[in-house]
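What follows is upload_17.pdb (PDB, C-alpha atoms).
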```pdb
MODEL        1
ATOM      1  CA  MET A   1      46.080  86.016  32.144  1.00  0.00           C
ATOM      2  CA  SER A   2      47.218  84.024  29.096  1.00  0.00           C
ATOM      3  CA  PHE A   3      45.801  80.599  30.053  1.00  0.00           C
ATOM      4  CA  LYS A   4      42.663  79.883  28.025  1.00  0.00           C
ATOM      5  CA  LEU A   5      40.232  77.162  29.003  1.00  0.00           C
ATOM      6  CA  GLU A   6      39.839  74.578  26.255  1.00  0.00           C
ATOM      7  CA  GLY A   7      38.221  71.340  27.293  1.00  0.00           C
ATOM      8  CA  PRO A   8      38.825  68.194  25.206  1.00  0.00           C
ATOM      9  CA  VAL A   9      36.337  65.351  24.789  1.00  0.00           C
ATOM     10  CA  LEU A  10      36.300  63.335  28.028  1.00  0.00           C
ATOM     11  CA  GLU A  11      34.771  59.846  27.955  1.00  0.00           C
ATOM     12  CA  GLY A  12      34.046  57.290  30.635  1.00  0.00           C
ATOM     13  CA  ALA A  13      31.831  54.236  30.884  1.00  0.00           C
ATOM     14  CA  LEU A  14      28.566  56.102  31.518  1.00  0.00           C
ATOM     15  CA  VAL A  15      29.022  59.567  30.056  1.00  0.00           C
ATOM     16  CA  ARG A  16      30.918  61.353  27.320  1.00  0.00           C
ATOM     17  CA  LEU A  17      31.589  65.061  27.789  1.00  0.00           C
ATOM     18  CA  GLU A  18      31.640  66.800  24.417  1.00  0.00           C
ATOM     19  CA  PRO A  19      32.563  70.466  23.974  1.00  0.00           C
ATOM     20  CA  LEU A  20      29.214  72.212  23.637  1.00  0.00           C
ATOM     21  CA  GLU A  21      28.092  72.950  20.077  1.00  0.00           C
ATOM     22  CA  ARG A  22      24.886  74.161  18.474  1.00  0.00           C
ATOM     23  CA  ARG A  23      24.206  70.601  17.249  1.00  0.00           C
ATOM     24  CA  HIS A  24      23.417  69.688  20.872  1.00  0.00           C
ATOM     25  CA  THR A  25      20.545  72.188  21.063  1.00  0.00           C
ATOM     26  CA  ALA A  26      17.639  69.918  20.106  1.00  0.00           C
ATOM     27  CA  GLU A  27      18.564  67.144  22.542  1.00  0.00           C
ATOM     28  CA  LEU A  28      19.240  69.588  25.367  1.00  0.00           C
ATOM     29  CA  ALA A  29      15.829  71.162  24.772  1.00  0.00           C
ATOM     30  CA  VAL A  30      14.212  67.774  25.349  1.00  0.00           C
ATOM     31  CA  ALA A  31      16.387  67.088  28.404  1.00  0.00           C
ATOM     32  CA  ALA A  32      15.575  70.443  29.981  1.00  0.00           C
ATOM     33  CA  GLU A  33      11.830  69.749  29.954  1.00  0.00           C
ATOM     34  CA  GLU A  34      11.839  66.181  31.324  1.00  0.00           C
ATOM     35  CA  ASN A  35      11.268  66.990  34.982  1.00  0.00           C
ATOM     36  CA  ARG A  36      11.935  70.451  36.336  1.00  0.00           C
ATOM     37  CA  GLN A  37      11.074  69.741  39.984  1.00  0.00           C
ATOM     38  CA  THR A  38      14.766  69.670  41.018  1.00  0.00           C
ATOM     39  CA  TYR A  39      15.628  73.066  39.496  1.00  0.00           C
ATOM     40  CA  ASP A  40      14.296  75.324  42.264  1.00  0.00           C
ATOM     41  CA  PHE A  41      17.638  77.083  42.829  1.00  0.00           C
ATOM     42  CA  THR A  42      19.388  76.349  39.518  1.00  0.00           C
ATOM     43  CA  TRP A  43      18.736  78.159  36.273  1.00  0.00           C
ATOM     44  CA  VAL A  44      18.025  75.640  33.542  1.00  0.00           C
ATOM     45  CA  PRO A  45      16.728  76.994  30.223  1.00  0.00           C
ATOM     46  CA  ARG A  46      13.278  76.123  28.996  1.00  0.00           C
ATOM     47  CA  ALA A  47      13.146  74.296  25.674  1.00  0.00           C
ATOM     48  CA  HIS A  48      12.578  77.492  23.702  1.00  0.00           C
ATOM     49  CA  GLU A  49      15.514  79.169  25.467  1.00  0.00           C
ATOM     50  CA  VAL A  50      18.127  76.484  24.811  1.00  0.00           C
ATOM     51  CA  GLY A  51      19.314  78.018  21.524  1.00  0.00           C
ATOM     52  CA  ASP A  52      20.042  81.334  23.235  1.00  0.00           C
ATOM     53  CA  TYR A  53      21.591  79.461  26.174  1.00  0.00           C
ATOM     54  CA  VAL A  54      24.017  77.613  23.883  1.00  0.00           C
ATOM     55  CA  ASP A  55      24.896  80.838  22.064  1.00  0.00           C
ATOM     56  CA  ALA A  56      25.586  82.571  25.398  1.00  0.00           C
ATOM     57  CA  GLN A  57      27.817  79.734  26.587  1.00  0.00           C
ATOM     58  CA  LEU A  58      29.750  79.744  23.316  1.00  0.00           C
ATOM     59  CA  ALA A  59      30.219  83.518  23.619  1.00  0.00           C
ATOM     60  CA  ARG A  60      31.642  83.025  27.123  1.00  0.00           C
ATOM     61  CA  ALA A  61      33.871  80.247  25.783  1.00  0.00           C
ATOM     62  CA  ALA A  62      35.313  82.641  23.209  1.00  0.00           C
ATOM     63  CA  THR A  63      36.755  84.706  26.073  1.00  0.00           C
ATOM     64  CA  GLY A  64      38.803  81.724  27.296  1.00  0.00           C
ATOM     65  CA  ARG A  65      37.176  81.834  30.724  1.00  0.00           C
ATOM     66  CA  LEU A  66      34.629  79.066  30.139  1.00  0.00           C
ATOM     67  CA  ALA A  67      34.826  75.589  28.601  1.00  0.00           C
ATOM     68  CA  PRO A  68      31.210  74.348  28.267  1.00  0.00           C
ATOM     69  CA  TYR A  69      30.253  70.722  27.736  1.00  0.00           C
ATOM     70  CA  ALA A  70      27.219  68.713  26.722  1.00  0.00           C
ATOM     71  CA  GLN A  71      26.815  65.605  28.870  1.00  0.00           C
ATOM     72  CA  ILE A  72      26.104  62.643  26.592  1.00  0.00           C
ATOM     73  CA  SER A  73      24.615  59.535  28.193  1.00  0.00           C
ATOM     74  CA  LEU A  74      26.323  56.516  26.671  1.00  0.00           C
ATOM     75  CA  ALA A  75      23.208  54.441  27.399  1.00  0.00           C
ATOM     76  CA  SER A  76      21.111  56.545  25.009  1.00  0.00           C
ATOM     77  CA  ASP A  77      23.823  58.406  23.053  1.00  0.00           C
ATOM     78  CA  ARG A  78      21.847  61.600  23.658  1.00  0.00           C
ATOM     79  CA  ALA A  79      22.676  64.867  25.406  1.00  0.00           C
ATOM     80  CA  VAL A  80      21.144  64.777  28.886  1.00  0.00           C
ATOM     81  CA  GLY A  81      22.579  67.942  30.397  1.00  0.00           C
ATOM     82  CA  ALA A  82      25.433  70.397  30.496  1.00  0.00           C
ATOM     83  CA  THR A  83      28.422  71.327  32.634  1.00  0.00           C
ATOM     84  CA  SER A  84      31.492  73.553  32.347  1.00  0.00           C
ATOM     85  CA  TYR A  85      34.920  74.467  33.515  1.00  0.00           C
ATOM     86  CA  TRP A  86      35.025  78.155  34.333  1.00  0.00           C
ATOM     87  CA  GLU A  87      36.721  80.926  36.327  1.00  0.00           C
ATOM     88  CA  PRO A  88      40.340  79.912  35.620  1.00  0.00           C
ATOM     89  CA  ARG A  89      42.808  81.493  38.058  1.00  0.00           C
ATOM     90  CA  SER A  90      46.570  81.798  37.779  1.00  0.00           C
ATOM     91  CA  TRP A  91      48.384  83.238  40.772  1.00  0.00           C
ATOM     92  CA  ARG A  92      52.015  82.205  40.290  1.00  0.00           C
ATOM     93  CA  THR A  93      52.581  82.563  36.532  1.00  0.00           C
ATOM     94  CA  ASP A  94      50.309  83.420  33.629  1.00  0.00           C
ATOM     95  CA  GLU A  95      51.039  80.063  31.995  1.00  0.00           C
ATOM     96  CA  GLN A  96      50.169  77.851  34.987  1.00  0.00           C
ATOM     97  CA  LEU A  97      46.544  77.275  35.922  1.00  0.00           C
ATOM     98  CA  ASP A  98      46.281  77.195  39.708  1.00  0.00           C
ATOM     99  CA  ALA A  99      42.528  76.829  40.186  1.00  0.00           C
ATOM    100  CA  VAL A 100      39.354  76.320  38.199  1.00  0.00           C
ATOM    101  CA  GLU A 101      35.670  75.967  39.001  1.00  0.00           C
ATOM    102  CA  VAL A 102      33.278  73.295  37.754  1.00  0.00           C
ATOM    103  CA  GLY A 103      29.831  74.786  37.346  1.00  0.00           C
ATOM    104  CA  PHE A 104      26.872  75.575  35.072  1.00  0.00           C
ATOM    105  CA  THR A 105      25.842  71.956  35.724  1.00  0.00           C
ATOM    106  CA  TRP A 106      22.390  70.502  35.162  1.00  0.00           C
ATOM    107  CA  LEU A 107      20.983  67.095  34.246  1.00  0.00           C
ATOM    108  CA  ALA A 108      17.685  65.831  32.906  1.00  0.00           C
ATOM    109  CA  GLY A 109      15.519  64.121  35.485  1.00  0.00           C
ATOM    110  CA  SER A 110      16.090  60.698  33.897  1.00  0.00           C
ATOM    111  CA  ALA A 111      19.876  61.068  34.201  1.00  0.00           C
ATOM    112  CA  GLN A 112      19.873  62.014  37.867  1.00  0.00           C
ATOM    113  CA  GLY A 113      20.883  59.187  40.201  1.00  0.00           C
ATOM    114  CA  THR A 114      22.354  57.103  37.351  1.00  0.00           C
ATOM    115  CA  GLY A 115      26.037  57.770  37.985  1.00  0.00           C
ATOM    116  CA  VAL A 116      26.325  60.264  35.130  1.00  0.00           C
ATOM    117  CA  ASN A 117      26.976  63.177  37.490  1.00  0.00           C
ATOM    118  CA  ALA A 118      29.556  61.239  39.513  1.00  0.00           C
ATOM    119  CA  GLU A 119      31.482  60.112  36.446  1.00  0.00           C
ATOM    120  CA  ALA A 120      31.301  63.532  34.797  1.00  0.00           C
ATOM    121  CA  LYS A 121      32.868  65.032  37.930  1.00  0.00           C
ATOM    122  CA  LEU A 122      35.512  62.286  37.953  1.00  0.00           C
ATOM    123  CA  LEU A 123      36.457  63.068  34.351  1.00  0.00           C
ATOM    124  CA  LEU A 124      36.511  66.830  34.886  1.00  0.00           C
ATOM    125  CA  PHE A 125      38.475  66.674  38.137  1.00  0.00           C
ATOM    126  CA  ARG A 126      40.971  64.128  36.751  1.00  0.00           C
ATOM    127  CA  HIS A 127      41.703  66.252  33.697  1.00  0.00           C
ATOM    128  CA  ALA A 128      42.104  69.422  35.770  1.00  0.00           C
ATOM    129  CA  PHE A 129      44.551  67.846  38.224  1.00  0.00           C
ATOM    130  CA  ALA A 130      46.456  65.514  35.867  1.00  0.00           C
ATOM    131  CA  GLN A 131      46.636  67.604  32.688  1.00  0.00           C
ATOM    132  CA  TRP A 132      46.421  71.191  33.898  1.00  0.00           C
ATOM    133  CA  GLY A 133      48.157  70.614  37.230  1.00  0.00           C
ATOM    134  CA  VAL A 134      45.727  72.739  39.232  1.00  0.00           C
ATOM    135  CA  SER A 135      46.080  73.128  42.983  1.00  0.00           C
ATOM    136  CA  ARG A 136      42.314  73.202  43.557  1.00  0.00           C
ATOM    137  CA  VAL A 137      38.971  72.664  41.882  1.00  0.00           C
ATOM    138  CA  ASP A 138      36.004  74.446  43.385  1.00  0.00           C
ATOM    139  CA  LEU A 139      32.239  74.237  43.130  1.00  0.00           C
ATOM    140  CA  LYS A 140      29.469  76.411  44.505  1.00  0.00           C
ATOM    141  CA  THR A 141      25.704  76.411  44.796  1.00  0.00           C
ATOM    142  CA  ASP A 142      22.883  78.363  46.392  1.00  0.00           C
ATOM    143  CA  ALA A 143      23.327  77.866  50.132  1.00  0.00           C
ATOM    144  CA  ARG A 144      19.624  76.897  50.381  1.00  0.00           C
ATOM    145  CA  ASN A 145      19.960  74.138  47.793  1.00  0.00           C
ATOM    146  CA  THR A 146      20.318  71.123  50.059  1.00  0.00           C
ATOM    147  CA  ARG A 147      19.992  68.669  47.158  1.00  0.00           C
ATOM    148  CA  SER A 148      22.846  70.292  45.234  1.00  0.00           C
ATOM    149  CA  ARG A 149      25.000  70.594  48.357  1.00  0.00           C
ATOM    150  CA  ALA A 150      24.539  66.892  49.061  1.00  0.00           C
ATOM    151  CA  ALA A 151      25.421  66.015  45.463  1.00  0.00           C
ATOM    152  CA  ILE A 152      28.595  68.110  45.620  1.00  0.00           C
ATOM    153  CA  ALA A 153      29.623  66.603  48.947  1.00  0.00           C
ATOM    154  CA  SER A 154      28.978  63.119  47.545  1.00  0.00           C
ATOM    155  CA  VAL A 155      31.717  63.529  44.914  1.00  0.00           C
ATOM    156  CA  GLY A 156      34.304  64.226  47.610  1.00  0.00           C
ATOM    157  CA  ALA A 157      34.394  68.033  47.720  1.00  0.00           C
ATOM    158  CA  ARG A 158      34.934  69.653  51.117  1.00  0.00           C
ATOM    159  CA  PHE A 159      32.571  72.356  52.340  1.00  0.00           C
ATOM    160  CA  GLU A 160      34.483  75.591  52.965  1.00  0.00           C
ATOM    161  CA  GLY A 161      31.729  77.949  54.059  1.00  0.00           C
ATOM    162  CA  VAL A 162      29.056  80.338  52.838  1.00  0.00           C
ATOM    163  CA  LEU A 163      29.796  83.576  51.004  1.00  0.00           C
ATOM    164  CA  ARG A 164      26.963  85.998  51.660  1.00  0.00           C
ATOM    165  CA  ASN A 165      25.322  87.967  48.820  1.00  0.00           C
ATOM    166  CA  TRP A 166      27.857  86.335  46.512  1.00  0.00           C
ATOM    167  CA  SER A 167      25.953  86.167  43.234  1.00  0.00           C
ATOM    168  CA  ARG A 168      22.553  86.628  41.673  1.00  0.00           C
ATOM    169  CA  SER A 169      19.760  84.293  42.691  1.00  0.00           C
ATOM    170  CA  TRP A 170      18.361  81.884  40.114  1.00  0.00           C
ATOM    171  CA  ALA A 171      15.346  80.942  42.254  1.00  0.00           C
ATOM    172  CA  PRO A 172      11.952  81.689  40.673  1.00  0.00           C
ATOM    173  CA  GLY A 173      10.686  85.135  41.586  1.00  0.00           C
ATOM    174  CA  GLU A 174      14.100  86.337  42.811  1.00  0.00           C
ATOM    175  CA  ASP A 175      15.403  88.018  39.667  1.00  0.00           C
ATOM    176  CA  ASP A 176      16.391  91.160  41.572  1.00  0.00           C
ATOM    177  CA  ARG A 177      17.934  89.411  44.579  1.00  0.00           C
ATOM    178  CA  LEU A 178      21.382  88.127  45.496  1.00  0.00           C
ATOM    179  CA  ARG A 179      22.000  84.712  46.963  1.00  0.00           C
ATOM    180  CA  ASP A 180      24.352  83.271  49.556  1.00  0.00           C
ATOM    181  CA  SER A 181      26.670  80.707  47.956  1.00  0.00           C
ATOM    182  CA  ALA A 182      27.957  77.524  49.604  1.00  0.00           C
ATOM    183  CA  ILE A 183      31.572  76.934  48.524  1.00  0.00           C
ATOM    184  CA  PHE A 184      33.206  73.509  48.163  1.00  0.00           C
ATOM    185  CA  SER A 185      36.657  72.472  46.948  1.00  0.00           C
ATOM    186  CA  ILE A 186      39.065  69.614  46.317  1.00  0.00           C
ATOM    187  CA  THR A 187      42.790  70.320  46.610  1.00  0.00           C
ATOM    188  CA  ALA A 188      45.641  68.570  44.830  1.00  0.00           C
ATOM    189  CA  GLU A 189      46.656  66.916  48.099  1.00  0.00           C
ATOM    190  CA  GLU A 190      43.155  65.511  48.574  1.00  0.00           C
ATOM    191  CA  TRP A 191      42.666  64.422  44.979  1.00  0.00           C
ATOM    192  CA  PRO A 192      44.272  60.907  45.066  1.00  0.00           C
ATOM    193  CA  ARG A 193      41.976  59.800  47.893  1.00  0.00           C
ATOM    194  CA  CYS A 194      38.980  61.532  46.343  1.00  0.00           C
ATOM    195  CA  GLU A 195      39.729  59.979  42.938  1.00  0.00           C
ATOM    196  CA  ARG A 196      39.748  56.461  44.390  1.00  0.00           C
ATOM    197  CA  GLN A 197      36.488  57.017  46.249  1.00  0.00           C
ATOM    198  CA  LEU A 198      34.798  58.608  43.260  1.00  0.00           C
ATOM    199  CA  ALA A 199      35.957  55.830  40.922  1.00  0.00           C
ATOM    200  CA  GLU A 200      34.555  53.245  43.354  1.00  0.00           C
ATOM    201  CA  ARG A 201      31.262  55.122  43.447  1.00  0.00           C
ATOM    202  CA  VAL A 202      31.038  55.200  39.653  1.00  0.00           C
ATOM    203  CA  ALA A 203      31.828  51.464  39.501  1.00  0.00           C
ATOM    204  CA  GLY A 204      28.712  50.826  41.551  1.00  0.00           C
ATOM    205  CA  PHE A 205      26.565  52.143  38.698  1.00  0.00           C
ATOM    206  CA  LEU A 206      28.134  49.972  35.985  1.00  0.00           C
ATOM    207  CA  PRO A 207      26.230  47.011  34.497  1.00  0.00           C
ATOM    208  CA  GLY A 208      26.712  43.940  36.632  1.00  0.00           C
ATOM    209  CA  ALA A 209      27.659  45.938  39.725  1.00  0.00           C
ATOM    210  CA  ARG A 210      24.375  45.158  41.416  1.00  0.00           C
TER     211      ARG A 210
ENDMDL
END
```
In structure tokens, what does this structure look like?
Amino acid sequence: MSFKLEGPVLEGALVRLEPLERRHTAELAVAAEENRQTYDFTWVPRAHEVGDYVDAQLARAATGRLAPYAQISLASDRAVGATSYWEPRSWRTDEQLDAVEVGFTWLAGSAQGTGVNAEAKLLLFRHAFAQWGVSRVDLKTDARNTRSRAAIASVGARFEGVLRNWSRSWAPGEDDRLRDSAIFSITAEEWPRCERQLAERVAGFLPGAR
């Protein structure tokens, strides 16, 4: 496959997605330790692991199969989490990207419920459909992670089913176990409606909306 994932800076009203760099390490280390109560099924590095985490993501990016981002809150101008494009798939020609996943996503406790996640998804989905011309964007999470599943559904993705023993578990104490993964997607045909709904949702978080 010749298509290489390269994500540009994507900026909205609440969040700016910057291609991940080592300069984001210190702020991400702070963000990762804010409140870890929502990370039961998601691997989020501890502060002392963030340097290795960034290096690992940059190594994956060098293969062209991952485009990692730091999520920058415009309210604080600080990195409050991370997300990525990954798993690019081309089925018709090597030059045309047909599908991509959005994953490796986590947010600091203070950024959750602020609209940052919704707008980040809006920016990522919009770029994938409008600029890359993909036919689908997919997302997945541990099937037991009801919080994550609700968050994914809230940005307009449709639940497709559960793939059993699909990937390693990130739950504490399950290092040697596999997890069932809940799969969600948005197709190109669904995107215009989803984009309108997601934009309306983001607008509700803007100053003066309440």
I want to know what sits within 7 Å of stretch 84-87 of chain A, based on all atoms listed in the file, with residues of the same chain fewer than 5 positions away left out; could you give that as a PyMOL selection string? chain A and resi 65-69+100-105
Go through the shown structure with the PyMOL selection byres ((chain A and resi 78) around 12) and write out the matching residues as a ChimeraX atom specification. /A:14-18,23-31,70-77,79-82,107-108,110-111
Nearest to A:Thr146: which of A:Asp175, A:Asp40, A:Glu11, A:Glu95 is it, counting only C-alpha atoms?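 The shortest atom-to-atom distance to A:Thr146 comes from A:Asp40.
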Using only C-alpha atoms, the residue out of A:Ala199, A:Ala188, A:Ala32, A:Ile183 with shortest distance to A:Leu122 is A:Ala199
Closest to A:Val134 among A:Arg46, A:Arg92, A:Arg22, A:Lys121, using all atoms listed in the file? A:Arg92
Long-range neighbours of A:Phe159 as a PyMOL selection string, 10 Å cut-off, only C-alpha atoms, 5 positions minimum in chain: chain A and resi 138-140+149+152-153+182-186
Distance criterion (all atoms listed in the file): nearest to A:Trp166 out of A:Asp142, A:Glu119, A:Glu49, A:Glu190: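 Among A:Asp142, A:Glu119, A:Glu49, A:Glu190, it is A:Asp142 that comes nearest to A:Trp166.
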Which residues match the PyMOL selection byres ((chain A and resi 64) around 10) in the file above, as JSON, numbers by chain? {"A": [1, 2, 3, 4, 5, 6, 59, 60, 61, 62, 63, 65, 66, 67, 86, 87, 88]}
Using the chain letters and residue numbers of this document, give as a PDB file with C-alpha atoms, keeping the file's coordinate frame the residues selected by the PyMOL selection byres ((chain A and resi 39) around 12).
```pdb
ATOM      1  CA  ALA A  32      15.575  70.443  29.981  1.00  0.00           C
ATOM      2  CA  GLU A  33      11.830  69.749  29.954  1.00  0.00           C
ATOM      3  CA  GLU A  34      11.839  66.181  31.324  1.00  0.00           C
ATOM      4  CA  ASN A  35      11.268  66.990  34.982  1.00  0.00           C
ATOM      5  CA  ARG A  36      11.935  70.451  36.336  1.00  0.00           C
ATOM      6  CA  GLN A  37      11.074  69.741  39.984  1.00  0.00           C
ATOM      7  CA  THR A  38      14.766  69.670  41.018  1.00  0.00           C
ATOM      8  CA  ASP A  40      14.296  75.324  42.264  1.00  0.00           C
ATOM      9  CA  PHE A  41      17.638  77.083  42.829  1.00  0.00           C
ATOM     10  CA  THR A  42      19.388  76.349  39.518  1.00  0.00           C
ATOM     11  CA  TRP A  43      18.736  78.159  36.273  1.00  0.00           C
ATOM     12  CA  VAL A  44      18.025  75.640  33.542  1.00  0.00           C
ATOM     13  CA  PRO A  45      16.728  76.994  30.223  1.00  0.00           C
ATOM     14  CA  ARG A  46      13.278  76.123  28.996  1.00  0.00           C
ATOM     15  CA  THR A 105      25.842  71.956  35.724  1.00  0.00           C
ATOM     16  CA  TRP A 106      22.390  70.502  35.162  1.00  0.00           C
ATOM     17  CA  LEU A 107      20.983  67.095  34.246  1.00  0.00           C
ATOM     18  CA  ALA A 108      17.685  65.831  32.906  1.00  0.00           C
ATOM     19  CA  GLY A 109      15.519  64.121  35.485  1.00  0.00           C
ATOM     20  CA  GLN A 112      19.873  62.014  37.867  1.00  0.00           C
ATOM     21  CA  THR A 141      25.704  76.411  44.796  1.00  0.00           C
ATOM     22  CA  ASP A 142      22.883  78.363  46.392  1.00  0.00           C
ATOM     23  CA  ASN A 145      19.960  74.138  47.793  1.00  0.00           C
ATOM     24  CA  THR A 146      20.318  71.123  50.059  1.00  0.00           C
ATOM     25  CA  ARG A 147      19.992  68.669  47.158  1.00  0.00           C
ATOM     26  CA  SER A 148      22.846  70.292  45.234  1.00  0.00           C
ATOM     27  CA  TRP A 170      18.361  81.884  40.114  1.00  0.00           C
ATOM     28  CA  ALA A 171      15.346  80.942  42.254  1.00  0.00           C
ATOM     29  CA  PRO A 172      11.952  81.689  40.673  1.00  0.00           C
TER      30      PRO A 172
END
```
Tell me, as a compact mmCIF listing (two decimals) with C-alpha atoms, in the coordinates of the input, which residues lie within 12 Å of A:Arg196, counting all atoms listed in the file; anything in the same chain fewer than 5 positions away does not count.
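Now in part04.txt:
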```txt
# COMPACT_ATOMS: atom_id res chain seq x y z
CA LEU A 122 35.51 62.29 37.95
CA ARG A 126 40.97 64.13 36.75
CA VAL A 155 31.72 63.53 44.91
CA GLY A 156 34.30 64.23 47.61
CA GLU A 190 43.16 65.51 48.57
CA TRP A 191 42.67 64.42 44.98
CA ARG A 201 31.26 55.12 43.45
CA VAL A 202 31.04 55.20 39.65
CA ALA A 203 31.83 51.46 39.50
```
Straight-line distance linking atom CA of A:Ser90 with atom CA of A:Thr187, stated in Å to one decimal: 15.0 Å
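When atom CA of A:Gly208 is paired with atom CA of A:Ala150, their separation reads 26.2 Å.
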If you measure from atom CA of A:Val9 to atom CA of A:Glu21, what distance in Å do you get, rounded to one decimal?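 Distance between the two atoms: 12.2 Å.
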For A:Asp98, which residue among A:Leu123, A:Leu206, A:Val137, A:Ala130 is the nearest when counting only C-alpha atoms?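 Smallest separation from A:Asp98 among the options: A:Val137.
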